[in-house]
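Q: My structure file final.pdb, PDB, C-alpha atoms, is below:
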ATOM      1  CA  MET E 129     126.604  36.846  44.887
ATOM      2  CA  LYS E 130     128.519  35.994  41.724
ATOM      3  CA  ILE E 131     132.154  35.175  42.106
ATOM      4  CA  TRP E 132     133.157  37.672  39.424
ATOM      5  CA  ASP E 133     131.774  40.407  41.688
ATOM      6  CA  MET E 134     133.931  39.344  44.612
ATOM      7  CA  GLN E 135     137.111  40.947  45.852
ATOM      8  CA  THR E 136     140.213  38.922  46.579
ATOM      9  CA  VAL E 137     143.549  39.542  48.285
ATOM     10  CA  PRO E 138     146.764  37.688  47.422
ATOM     11  CA  TYR E 139     146.907  35.898  50.771
ATOM     12  CA  GLY E 140     143.929  35.899  53.114
ATOM     13  CA  TRP E 141     140.176  36.283  53.039
ATOM     14  CA  VAL E 142     137.516  38.829  52.092
ATOM     15  CA  LYS E 143     134.058  38.824  53.666
ATOM     16  CA  HIS E 144     131.287  40.077  51.417
ATOM     17  CA  PHE E 145     128.111  41.371  53.022
ATOM     18  CA  ALA E 146     124.513  41.549  51.853
ATOM     19  CA  ASP E 147     124.669  45.345  51.909
ATOM     20  CA  GLY E 148     127.394  45.318  49.261
ATOM     21  CA  THR E 149     130.292  46.119  51.553
ATOM     22  CA  ALA E 150     133.340  43.950  52.158
ATOM     23  CA  GLU E 151     135.898  43.358  54.895
ATOM     24  CA  VAL E 152     139.463  42.416  54.008
ATOM     25  CA  GLY E 153     141.527  40.033  56.104
ATOM     26  CA  SER E 154     144.853  39.913  54.331
ATOM     27  CA  ASP E 155     147.711  38.148  56.094
ATOM     28  CA  GLU E 156     149.482  41.479  56.420
ATOM     29  CA  ALA E 157     146.486  43.189  58.004
ATOM     30  CA  ILE E 158     145.932  40.316  60.429
ATOM     31  CA  SER E 159     149.586  40.198  61.435
ATOM     32  CA  ALA E 160     149.496  43.945  62.032
ATOM     33  CA  GLY E 161     146.422  43.568  64.206
ATOM     34  CA  LYS E 162     144.329  45.596  61.759
ATOM     35  CA  ALA E 163     141.974  42.764  60.808
ATOM     36  CA  SER E 164     140.504  39.760  62.575
ATOM     37  CA  TRP E 165     137.838  37.277  61.574
ATOM     38  CA  THR E 166     136.312  37.072  65.058
ATOM     39  CA  ARG E 167     136.638  40.732  65.953
ATOM     40  CA  GLY E 168     135.256  41.872  62.633
ATOM     41  CA  ARG E 169     131.668  41.908  61.423
ATOM     42  CA  GLN E 170     129.956  38.533  61.704
ATOM     43  CA  ASN E 171     126.400  39.251  60.557
ATOM     44  CA  GLY E 172     125.190  39.615  57.010
ATOM     45  CA  ILE E 173     127.927  37.627  55.270
ATOM     46  CA  VAL E 174     126.783  36.259  51.918
ATOM     47  CA  ALA E 175     130.106  35.145  50.470
ATOM     48  CA  VAL E 176     133.790  34.784  51.292
ATOM     49  CA  SER E 177     136.819  34.557  49.046
ATOM     50  CA  LEU E 178     139.911  32.799  50.362
ATOM     51  CA  SER E 179     143.288  33.059  48.668
ATOM     52  CA  ASP E 180     146.708  31.493  48.904
ATOM     53  CA  GLY E 181     148.766  33.066  46.163
ATOM     54  CA  PRO E 182     147.557  31.782  42.807
ATOM     55  CA  VAL E 183     144.809  29.688  44.357
ATOM     56  CA  VAL E 184     141.484  31.338  45.145
ATOM     57  CA  VAL E 185     138.327  29.624  46.361
ATOM     58  CA  TYR E 186     134.896  31.101  46.849
ATOM     59  CA  LEU E 187     132.105  30.111  49.177
ATOM     60  CA  THR E 188     128.693  31.670  48.744
ATOM     61  CA  THR E 189     125.216  31.205  50.096
ATOM     62  CA  ASP E 190     122.359  30.214  47.821
ATOM     63  CA  GLY E 191     120.938  33.518  46.702
ATOM     64  CA  ASP E 192     121.758  36.659  48.628
ATOM     65  CA  ASP E 193     120.578  35.588  52.066
ATOM     66  CA  PRO E 194     123.320  35.801  54.694
ATOM     67  CA  GLY E 195     124.748  32.614  56.152
ATOM     68  CA  LYS E 196     126.975  31.651  59.055
ATOM     69  CA  PHE E 197     130.559  31.526  57.862
ATOM     70  CA  TRP E 198     133.750  30.607  59.703
ATOM     71  CA  GLN E 199     137.373  30.862  58.744
ATOM     72  CA  SER E 200     140.317  29.066  60.335
ATOM     73  CA  ASP E 201     143.857  27.984  59.519
ATOM     74  CA  ASP E 202     145.898  24.918  60.421
ATOM     75  CA  TYR E 203     149.465  25.386  61.600
ATOM     76  CA  GLU E 204     152.401  23.288  62.708
ATOM     77  CA  VAL E 205     155.364  24.279  64.815
ATOM     78  CA  THR E 206     158.315  22.228  65.978
ATOM     79  CA  PHE E 207     159.772  22.467  69.421
ATOM     80  CA  GLY E 208     162.047  25.453  69.756
ATOM     81  CA  LYS E 209     160.393  27.475  67.010
ATOM     82  CA  THR E 210     157.994  30.318  67.752
ATOM     83  CA  SER E 211     156.618  30.983  64.270
ATOM     84  CA  PRO E 212     154.249  28.248  63.095
ATOM     85  CA  VAL E 213     154.095  27.132  59.496
ATOM     86  CA  LEU E 214     150.722  27.654  57.809
ATOM     87  CA  ILE E 215     149.537  24.278  56.494
ATOM     88  CA  LYS E 216     145.925  24.831  55.459
ATOM     89  CA  ARG E 217     143.534  27.688  54.948
ATOM     90  CA  ARG E 218     139.880  26.870  55.520
ATOM     91  CA  ILE E 219     136.517  28.520  54.960
ATOM     92  CA  GLN E 220     133.214  27.067  56.154
ATOM     93  CA  LEU E 221     129.505  27.741  55.682
ATOM     94  CA  LYS E 222     126.928  26.250  58.006
ATOM     95  CA  VAL E 223     124.473  23.964  56.217
ATOM     96  CA  GLY E 224     121.367  22.994  58.172
ATOM     97  CA  ASP E 225     121.621  22.685  61.935
ATOM     98  CA  LYS E 226     124.894  20.829  62.433
ATOM     99  CA  SER E 227     126.790  20.426  59.193
ATOM    100  CA  TRP E 228     129.314  22.710  57.583
ATOM    101  CA  LYS E 229     130.355  22.948  53.978
ATOM    102  CA  THR E 230     134.106  23.219  54.122
ATOM    103  CA  ILE E 231     136.686  24.221  51.525
ATOM    104  CA  GLU E 232     140.380  23.902  52.345
ATOM    105  CA  ILE E 233     143.508  24.992  50.522
ATOM    106  CA  ASP E 234     146.684  23.037  51.234
ATOM    107  CA  THR E 235     149.341  25.751  51.279
ATOM    108  CA  GLN E 236     152.108  23.304  50.374
ATOM    109  CA  THR E 237     150.515  21.542  47.407
ATOM    110  CA  HIS E 238     147.734  24.014  46.606
ATOM    111  CA  GLU E 239     145.355  21.084  46.575
ATOM    112  CA  ILE E 240     141.755  22.126  47.200
ATOM    113  CA  THR E 241     139.500  19.907  49.283
ATOM    114  CA  GLU E 242     135.757  20.366  49.624
ATOM    115  CA  TYR E 243     133.523  18.390  51.954
ATOM    116  CA  ILE E 244     130.567  18.494  54.306
ATOM    117  CA  SER E 245     131.556  18.085  57.940
ATOM    118  CA  LYS E 246     129.382  17.430  60.933
ATOM    119  CA  HIS E 247     131.867  18.626  63.476
ATOM    120  CA  LYS E 248     130.734  21.229  65.910
ATOM    121  CA  ILE E 249     132.587  24.476  65.465
TER
ATOM    122  CA  MET U 144     152.046  36.000  61.909
ATOM    123  CA  SER U 145     148.825  36.231  63.850
ATOM    124  CA  VAL U 146     149.821  33.677  66.448
ATOM    125  CA  GLN U 147     153.133  32.536  67.838
ATOM    126  CA  ILE U 148     153.948  29.593  70.054
ATOM    127  CA  ILE U 149     156.295  29.884  73.002
ATOM    128  CA  TRP U 150     157.918  26.780  74.400
ATOM    129  CA  SER U 151     159.643  27.325  77.744
ATOM    130  CA  SER U 152     161.011  25.450  80.706
ATOM    131  CA  THR U 153     159.102  27.511  83.286
ATOM    132  CA  ASN U 154     155.622  28.995  83.472
ATOM    133  CA  GLY U 155     155.714  32.182  81.408
ATOM    134  CA  GLY U 156     159.444  31.723  80.878
ATOM    135  CA  ILE U 157     161.644  32.755  77.993
ATOM    136  CA  SER U 158     161.355  30.916  74.725
ATOM    137  CA  LEU U 159     163.568  27.865  74.361
ATOM    138  CA  ALA U 160     165.472  27.744  71.102
ATOM    139  CA  ALA U 161     167.741  24.744  71.486
ATOM    140  CA  PRO U 162     166.711  21.102  71.146
ATOM    141  CA  ILE U 163     165.799  19.346  74.360
ATOM    142  CA  ASP U 164     168.704  17.210  75.511
ATOM    143  CA  HIS U 165     167.128  14.154  77.069
ATOM    144  CA  GLY U 166     170.484  13.028  78.414
ATOM    145  CA  THR U 167     172.590   9.927  78.148
ATOM    146  CA  ASN U 168     172.272   6.464  79.614
ATOM    147  CA  SER U 169     172.683   2.819  78.759
ATOM    148  CA  ALA U 170     170.236   0.286  77.422
ATOM    149  CA  GLY U 171     167.330  -0.579  79.675
ATOM    150  CA  ASN U 172     167.197   2.816  81.382
ATOM    151  CA  ILE U 173     164.621   5.573  81.382
ATOM    152  CA  LEU U 174     165.945   9.093  80.890
ATOM    153  CA  SER U 175     164.742  11.844  83.224
ATOM    154  CA  PRO U 176     161.432  13.427  82.235
ATOM    155  CA  GLN U 177     161.671  16.909  80.713
ATOM    156  CA  THR U 178     158.954  19.428  81.509
ATOM    157  CA  LEU U 179     157.759  21.652  78.696
ATOM    158  CA  TYR U 180     155.562  24.718  79.102
ATOM    159  CA  ILE U 181     153.601  25.911  76.086
ATOM    160  CA  ARG U 182     151.674  29.136  75.527
ATOM    161  CA  HIS U 183     150.693  31.265  72.548
ATOM    162  CA  THR U 184     150.209  34.887  71.616
ATOM    163  CA  GLY U 185     146.903  34.580  69.744
ATOM    164  CA  VAL U 186     143.860  36.651  70.671
ATOM    165  CA  ASN U 187     141.661  33.546  70.470
ATOM    166  CA  PRO U 188     142.165  29.979  71.707
ATOM    167  CA  ILE U 189     144.122  27.621  69.522
ATOM    168  CA  THR U 190     142.190  24.404  68.967
ATOM    169  CA  ALA U 191     142.656  20.856  67.666
ATOM    170  CA  CYS U 192     146.078  20.865  69.316
ATOM    171  CA  GLY U 193     147.998  17.644  68.930
ATOM    172  CA  PHE U 194     151.537  16.313  69.056
ATOM    173  CA  TYR U 195     153.399  14.098  66.682
ATOM    174  CA  VAL U 196     157.014  13.254  65.932
ATOM    175  CA  ARG U 197     158.843  13.296  62.631
ATOM    176  CA  ALA U 198     162.334  12.939  61.239
ATOM    177  CA  TRP U 199     164.681  15.823  61.966
ATOM    178  CA  VAL U 200     164.277  18.655  59.470
ATOM    179  CA  GLY U 201     166.054  21.284  61.478
ATOM    180  CA  SER U 202     164.909  24.444  59.742
ATOM    181  CA  GLY U 203     168.142  26.258  60.376
ATOM    182  CA  GLN U 204     169.819  23.758  62.631
ATOM    183  CA  ASP U 205     171.752  20.935  61.026
ATOM    184  CA  TYR U 206     171.292  17.340  62.033
ATOM    185  CA  SER U 207     174.086  16.339  64.392
ATOM    186  CA  GLY U 208     173.139  12.805  65.303
ATOM    187  CA  ASP U 209     175.184   9.698  64.580
ATOM    188  CA  ALA U 210     173.030   8.129  61.878
ATOM    189  CA  THR U 211     170.496   9.867  59.636
ATOM    190  CA  PRO U 212     167.259  11.708  60.423
ATOM    191  CA  SER U 213     165.167   8.967  58.846
ATOM    192  CA  ASP U 214     167.078   6.187  60.615
ATOM    193  CA  ASP U 215     166.560   7.902  63.966
ATOM    194  CA  PHE U 216     162.874   8.418  63.347
ATOM    195  CA  ASN U 217     162.289   4.861  62.153
ATOM    196  CA  GLU U 218     164.154   3.497  65.143
ATOM    197  CA  LEU U 219     162.139   5.648  67.549
ATOM    198  CA  ILE U 220     158.852   4.427  66.118
ATOM    199  CA  ALA U 221     160.095   0.819  66.093
ATOM    200  CA  TRP U 222     160.963   1.092  69.764
ATOM    201  CA  GLY U 223     157.389   2.140  70.487
ATOM    202  CA  ASP U 224     155.952  -0.544  68.221
ATOM    203  CA  ALA U 225     157.985  -3.351  69.788
ATOM    204  CA  GLY U 226     156.130  -6.578  70.501
ATOM    205  CA  LEU U 227     158.511  -7.743  73.201
ATOM    206  CA  SER U 228     159.077  -5.985  76.496
ATOM    207  CA  ALA U 229     162.867  -6.094  76.113
ATOM    208  CA  ASP U 230     162.608  -4.294  72.773
ATOM    209  CA  PHE U 231     160.122  -1.693  73.976
ATOM    210  CA  GLY U 232     161.005   1.931  74.506
ATOM    211  CA  GLY U 233     160.899   5.222  72.681
ATOM    212  CA  PHE U 234     159.421   8.654  73.225
ATOM    213  CA  GLU U 235     156.680   9.040  75.807
ATOM    214  CA  VAL U 236     154.487  11.940  76.891
ATOM    215  CA  ASN U 237     152.632  12.474  80.165
ATOM    216  CA  MET U 238     149.892  15.130  80.016
ATOM    217  CA  ASN U 239     148.571  14.753  83.570
ATOM    218  CA  ALA U 240     149.991  18.022  84.870
ATOM    219  CA  VAL U 241     147.118  18.826  87.227
ATOM    220  CA  ASN U 242     147.952  15.642  89.150
ATOM    221  CA  ALA U 243     151.717  16.238  89.115
ATOM    222  CA  PHE U 244     152.519  13.709  86.375
ATOM    223  CA  PRO U 245     151.938  10.535  88.453
ATOM    224  CA  ASN U 246     153.550   7.202  87.604
ATOM    225  CA  ALA U 247     150.166   5.873  86.472
ATOM    226  CA  SER U 248     150.290   8.400  83.623
ATOM    227  CA  TRP U 249     153.586   7.071  82.249
ATOM    228  CA  PRO U 250     153.288   4.351  79.609
ATOM    229  CA  VAL U 251     154.805   0.900  80.028
ATOM    230  CA  PHE U 252     155.037  -2.021  77.633
ATOM    231  CA  ALA U 253     151.752  -3.493  78.884
ATOM    232  CA  ASN U 254     150.002  -0.109  78.550
ATOM    233  CA  LYS U 255     151.569   1.828  75.702
ATOM    234  CA  ASN U 256     148.728   4.279  76.161
ATOM    235  CA  THR U 257     148.070   4.482  79.876
ATOM    236  CA  ALA U 258     144.802   3.299  81.380
ATOM    237  CA  ASP U 259     144.058   6.767  82.776
ATOM    238  CA  GLY U 260     144.254   8.283  79.298
ATOM    239  CA  PHE U 261     147.019  10.798  79.979
ATOM    240  CA  GLY U 262     150.161   8.968  78.886
ATOM    241  CA  PHE U 263     151.162   7.919  75.376
ATOM    242  CA  THR U 264     153.986   6.174  73.586
ATOM    243  CA  PHE U 265     154.711   7.664  70.169
ATOM    244  CA  ARG U 266     154.461   4.771  67.740
ATOM    245  CA  THR U 267     152.778   3.766  64.514
ATOM    246  CA  GLY U 268     149.289   5.224  64.491
ATOM    247  CA  ASN U 269     149.873   7.136  67.712
ATOM    248  CA  GLY U 270     151.632  10.426  67.101
ATOM    249  CA  SER U 271     153.739   9.070  64.249
ATOM    250  CA  SER U 272     152.342  11.569  61.732
ATOM    251  CA  SER U 273     150.156  14.626  61.488
ATOM    252  CA  GLY U 274     147.109  12.522  60.738
ATOM    253  CA  ASN U 275     147.293  10.630  64.009
ATOM    254  CA  ALA U 276     148.616  13.328  66.315
ATOM    255  CA  LEU U 277     148.022  12.840  70.027
ATOM    256  CA  ILE U 278     145.368  15.313  71.105
ATOM    257  CA  LEU U 279     146.361  17.618  73.923
ATOM    258  CA  LYS U 280     144.636  16.758  77.192
ATOM    259  CA  LYS U 281     142.967  19.545  79.135
ATOM    260  CA  GLU U 282     144.600  18.184  82.278
ATOM    261  CA  SER U 283     147.843  19.562  80.901
ATOM    262  CA  TYR U 284     146.685  22.961  82.153
ATOM    263  CA  ASN U 285     143.226  22.836  83.744
ATOM    264  CA  ALA U 286     140.873  19.928  84.388
ATOM    265  CA  GLY U 287     138.030  22.319  83.612
ATOM    266  CA  GLY U 288     139.432  23.163  80.207
ATOM    267  CA  VAL U 289     138.773  21.650  76.809
ATOM    268  CA  ASP U 290     140.735  18.781  75.256
ATOM    269  CA  GLY U 291     142.771  19.985  72.310
ATOM    270  CA  GLN U 292     142.481  23.636  73.239
ATOM    271  CA  ILE U 293     144.924  26.168  74.631
ATOM    272  CA  PRO U 294     143.110  29.305  75.765
ATOM    273  CA  ALA U 295     144.346  32.763  74.896
ATOM    274  CA  GLY U 296     146.583  34.196  77.575
ATOM    275  CA  SER U 297     146.418  30.918  79.442
ATOM    276  CA  SER U 298     147.931  30.814  82.861
ATOM    277  CA  PRO U 299     149.157  28.478  84.041
ATOM    278  CA  ASN U 300     150.660  27.452  80.717
ATOM    279  CA  VAL U 301     150.126  24.026  79.253
ATOM    280  CA  ARG U 302     152.626  21.673  80.887
ATOM    281  CA  ILE U 303     153.638  18.299  79.574
ATOM    282  CA  GLN U 304     156.464  15.947  80.434
ATOM    283  CA  THR U 305     158.322  13.838  77.924
ATOM    284  CA  ARG U 306     160.935  11.145  78.370
ATOM    285  CA  ILE U 307     162.927   8.569  76.459
ATOM    286  CA  VAL U 308     162.886   4.869  77.325
ATOM    287  CA  ILE U 309     165.911   2.978  76.000
ATOM    288  CA  PRO U 310     165.105  -0.639  75.147
ATOM    289  CA  SER U 311     167.004  -3.277  77.103
ATOM    290  CA  THR U 312     168.130  -4.928  73.889
ATOM    291  CA  GLU U 313     169.479  -1.772  72.244
ATOM    292  CA  THR U 314     173.143  -2.245  71.303
ATOM    293  CA  THR U 315     173.982   0.787  69.176
ATOM    294  CA  PRO U 316     175.298   3.786  71.115
ATOM    295  CA  GLY U 317     174.998   7.247  69.631
ATOM    296  CA  ILE U 318     173.108  10.506  69.447
ATOM    297  CA  ARG U 319     169.579  10.368  68.095
ATOM    298  CA  MET U 320     167.616  13.402  66.919
ATOM    299  CA  PHE U 321     163.983  13.849  65.996
ATOM    300  CA  GLU U 322     161.382  16.585  65.968
ATOM    301  CA  GLN U 323     158.345  17.017  68.177
ATOM    302  CA  VAL U 324     155.601  18.953  66.388
ATOM    303  CA  LEU U 325     152.567  20.772  67.725
ATOM    304  CA  LYS U 326     149.745  21.047  65.201
ATOM    305  CA  PHE U 327     146.775  23.318  65.822
ATOM    306  CA  THR U 328     143.982  25.372  64.310
ATOM    307  CA  PHE U 329     143.614  29.113  64.775
ATOM    308  CA  THR U 330     141.053  31.743  63.835
ATOM    309  CA  SER U 331     142.239  35.337  63.779
TER
END
Could you quickly redo this structure as structure tokens?
A:
Amino acid sequence: MKIWDMQTVPYGWVKHFADGTAEVGSDEAISAGKASWTRGRQNGIVAVSLSDGPVVVYLTTDGDDPGKFWQSDDYEVTFGKTSPVLIKRRIQLKVGDKSWKTIEIDTQTHEITEYISKHKI
Amino acid sequence: MSVQIIWSSTNGGISLAAPIDHGTNSAGNILSPQTLYIRHTGVNPITACGFYVRAWVGSGQDYSGDATPSDDFNELIAWGDAGLSADFGGFEVNMNAVNAFPNASWPVFANKNTADGFGFTFRTGNGSSSGNALILKKESYNAGGVDGQIPAGSSPNVRIQTRIVIPSTETTPGIRMFEQVLKFTFTS
């Protein structure tokens, strides 16, 4: 899938499926309980866009074959506070049997980091 | 916000909003351990949970110590780093809740991280920054759990104890303030 064909949201992720459909996980929808990465569709994902304001990253499979994607966020919260601060947004694509291609957006600096991890998810 | 963290003083209790007051004592004493309960509202487990300390930021609550946030933080870490027993002290955590926080799980100068793996002194390289946060032990809630993870709807809640050790050689009285941070990863 070409990135110019992909949807984005201002803050959050969009799953793009091999059948041409998409699933939107904006921060607002997730907070309202109307979207969830794990409770949404998991099969047939060919690409994901991940946004944090002006910064957008894309992760796609080679070709249009679906891959195994995962999305997670890092938070921090100090004692006495209930609302954590979002530190990093992350999108991952499984590569081979054990490795994951990972792209992270630092929400404070908007620095983008890309690497291959071998951590089990 | 898709997940919120609730810190309380009892299992399932109301959220604590005020700083923990570890109390007052003189040099060479250990302040009474404080028990913290932690749970979250997420639909999935939170993972990669770890603790670290940092200088007081406040986020709505002004610093009210007797020095500066950075002085307090640097002093706290120096107490943990101390190379002499008389200078040793600082902020300690005991994560051995399933065994009722035994003495063997409290750090001492000779074992700044306890031999049983459940007690830690916050110091340089050990909970002094986000990059070296102390990973939550599963024994803080269930020996059959997973290190670093707090399950959704967990009951009993995660329980940890923390305490302050005042070095014997400390000569400056006053209120110190610092922040204890929980870092974690969450998938919606």
Q: Select, from E:Gln220, E:Ser159, E:Asn171, E:Ser200, the residue with the minimum atom-to-atom distance to E:Thr188, counting all atoms listed in the file.
A: E:Gln220
Q: May I ask for the distance between atom CA of U:Asp164 and atom CA of U:Arg302, given in Å to one decimal place?
A: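 Those two atoms sit 17.5 Å apart.
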Q: Tell me which protein, DNA and RNA residues are within 12 Å of E:Val152, counting all atoms listed in the file, leaving out same-chain ones fewer than 6 positions away, and put them as number ranges by chain.
A: E: 134-145, 158, 162-165, 168-169, 176-179
Q: Write a file of the just-selected residues containing C-alpha atoms, as a PDB file, in the coordinates of the input.
A:
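Output contents, as saved in result.pdb:
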ATOM      1  CA  MET E 134     133.931  39.344  44.612  1.00  0.00           C
ATOM      2  CA  GLN E 135     137.111  40.947  45.852  1.00  0.00           C
ATOM      3  CA  THR E 136     140.213  38.922  46.579  1.00  0.00           C
ATOM      4  CA  VAL E 137     143.549  39.542  48.285  1.00  0.00           C
ATOM      5  CA  PRO E 138     146.764  37.688  47.422  1.00  0.00           C
ATOM      6  CA  TYR E 139     146.907  35.898  50.771  1.00  0.00           C
ATOM      7  CA  GLY E 140     143.929  35.899  53.114  1.00  0.00           C
ATOM      8  CA  TRP E 141     140.176  36.283  53.039  1.00  0.00           C
ATOM      9  CA  VAL E 142     137.516  38.829  52.092  1.00  0.00           C
ATOM     10  CA  LYS E 143     134.058  38.824  53.666  1.00  0.00           C
ATOM     11  CA  HIS E 144     131.287  40.077  51.417  1.00  0.00           C
ATOM     12  CA  PHE E 145     128.111  41.371  53.022  1.00  0.00           C
ATOM     13  CA  ILE E 158     145.932  40.316  60.429  1.00  0.00           C
ATOM     14  CA  LYS E 162     144.329  45.596  61.759  1.00  0.00           C
ATOM     15  CA  ALA E 163     141.974  42.764  60.808  1.00  0.00           C
ATOM     16  CA  SER E 164     140.504  39.760  62.575  1.00  0.00           C
ATOM     17  CA  TRP E 165     137.838  37.277  61.574  1.00  0.00           C
ATOM     18  CA  GLY E 168     135.256  41.872  62.633  1.00  0.00           C
ATOM     19  CA  ARG E 169     131.668  41.908  61.423  1.00  0.00           C
ATOM     20  CA  VAL E 176     133.790  34.784  51.292  1.00  0.00           C
ATOM     21  CA  SER E 177     136.819  34.557  49.046  1.00  0.00           C
ATOM     22  CA  LEU E 178     139.911  32.799  50.362  1.00  0.00           C
ATOM     23  CA  SER E 179     143.288  33.059  48.668  1.00  0.00           C
TER      24      SER E 179
END
Q: Using all atoms listed in the file, find each residue in chain E having at least one atom no more than 10 Å away from chain U; report its shortest atom-to-atom pair and that distance in Å (one decimal), rows by chain then rising number, as a Markdown table.
A:
| residue | atom | partner | partner_atom | distance |
| --- | --- | --- | --- | --- |
| E:Gly153 | CA | U:Ser331 | CA | 9.0 |
| E:Asp155 | CA | U:Met144 | CA | 7.6 |
| E:Glu156 | CA | U:Met144 | CA | 8.2 |
| E:Ala157 | CA | U:Ser145 | CA | 9.4 |
| E:Ile158 | CA | U:Ser145 | CA | 6.1 |
| E:Ser159 | CA | U:Ser145 | CA | 4.7 |
| E:Ala160 | CA | U:Ser145 | CA | 8.0 |
| E:Gly161 | CA | U:Ser145 | CA | 7.7 |
| E:Ala163 | CA | U:Ser331 | CA | 8.0 |
| E:Ser164 | CA | U:Ser331 | CA | 4.9 |
| E:Trp165 | CA | U:Ser331 | CA | 5.3 |
| E:Thr166 | CA | U:Ser331 | CA | 6.3 |
| E:Arg167 | CA | U:Ser331 | CA | 8.1 |
| E:Gly168 | CA | U:Ser331 | CA | 9.6 |
| E:Trp198 | CA | U:Thr330 | CA | 8.5 |
| E:Gln199 | CA | U:Thr330 | CA | 6.3 |
| E:Ser200 | CA | U:Thr330 | CA | 4.5 |
| E:Asp201 | CA | U:Phe329 | CA | 5.4 |
| E:Asp202 | CA | U:Thr328 | CA | 4.4 |
| E:Tyr203 | CA | U:Phe327 | CA | 5.4 |
| E:Glu204 | CA | U:Lys326 | CA | 4.3 |
| E:Val205 | CA | U:Leu325 | CA | 5.3 |
| E:Thr206 | CA | U:Val324 | CA | 4.3 |
| E:Phe207 | CA | U:Gln323 | CA | 5.8 |
| E:Gly208 | CA | U:Ala160 | CA | 4.3 |
| E:Lys209 | CA | U:Ala160 | CA | 6.5 |
| E:Thr210 | CA | U:Ile148 | CA | 4.7 |
| E:Ser211 | CA | U:Gln147 | CA | 5.2 |
| E:Pro212 | CA | U:Gln147 | CA | 6.5 |
| E:Val213 | CA | U:Lys326 | CA | 9.4 |
| E:Leu214 | CA | U:Met144 | CA | 9.4 |
| E:Ile215 | CA | U:Lys326 | CA | 9.3 |
| E:Lys216 | CA | U:Thr328 | CA | 9.1 |
| E:Arg217 | CA | U:Thr328 | CA | 9.7 |
| E:Arg218 | CA | U:Thr330 | CA | 9.7 |
Q: Report as a VMD selection string the residues that result from applying the PyMOL selection byres ((chain U and resi 233) around 9) to the structure here.
A: chain U and resid 218 to 224 231 to 232 234 to 235 264 to 266 306 to 310
Q: Once 3 Å is added on each side, what centre and edge lengths in Å to one decimal does the axis-aligned box around all listed atoms of stretch 162-167 of chain E have, as AutoDock Vina command-line options?
A:
--center_x 140.3 --center_y 41.3 --center_z 63.4 --size_x 14.0 --size_y 14.5 --size_z 11.1
Q: I need the residue set behind the PyMOL selection byres ((chain E and resi 192) around 12) for this file; please write it as a ChimeraX atom specification.
A: /E:129-130,144-148,172-175,188-191,193-195
Q: For the PyMOL selection byres ((chain U and resi 209) around 9), applied here, can you spell out every residue it catches as a PyMOL selection string?
A: chain U and resi 206-208+210-211+215+316-320
Q: Would you mind telling me which residue in U:Phe263, U:Ser228, U:Val251, U:Pro188 lies nearest to U:Gly291 when using only C-alpha atoms?
A: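 Counting only C-alpha atoms, the residue closest to U:Gly291 is U:Pro188.
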Q: Rounded to one decimal in Å, what is the spacing between atom CA of U:Asn242 and atom CA of U:Asn285?
A: 10.2 Å
Q: What's around E:Ile231 at 6 Å? Count all atoms listed in the file, leave out sequence neighbours fewer than 4 positions away in its own chain, and write the answer as a ChimeraX atom specification.
A: /E:218-219,241-242
Q: Would you mind telling me which residue in U:Gly156, U:Gly270, U:Asp205, U:Phe261 lies nearest to U:Ala243 when using only C-alpha atoms?
A: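 Counting only C-alpha atoms, the residue closest to U:Ala243 is U:Phe261.
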Q: By how many Å are atom CA of U:Pro250 and atom CA of U:Asn237 apart?
A: 8.2 Å
Q: Considering all atoms listed in the file, return as a VMD selection string whatever protein or nucleic-acid residues lie within 8 Å of E:Trp228, sequence-local ones (same chain, fewer than 4 positions apart) excluded.
A: chain E and resid 220 to 224 244 to 247
Q: Using all atoms listed in the file, which residue out of E:Ser154, E:Lys196, E:Leu187, E:Asp180 lies closest to E:Ile233?
A: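 Ranked by minimum distance to E:Ile233, first place goes to E:Asp180.
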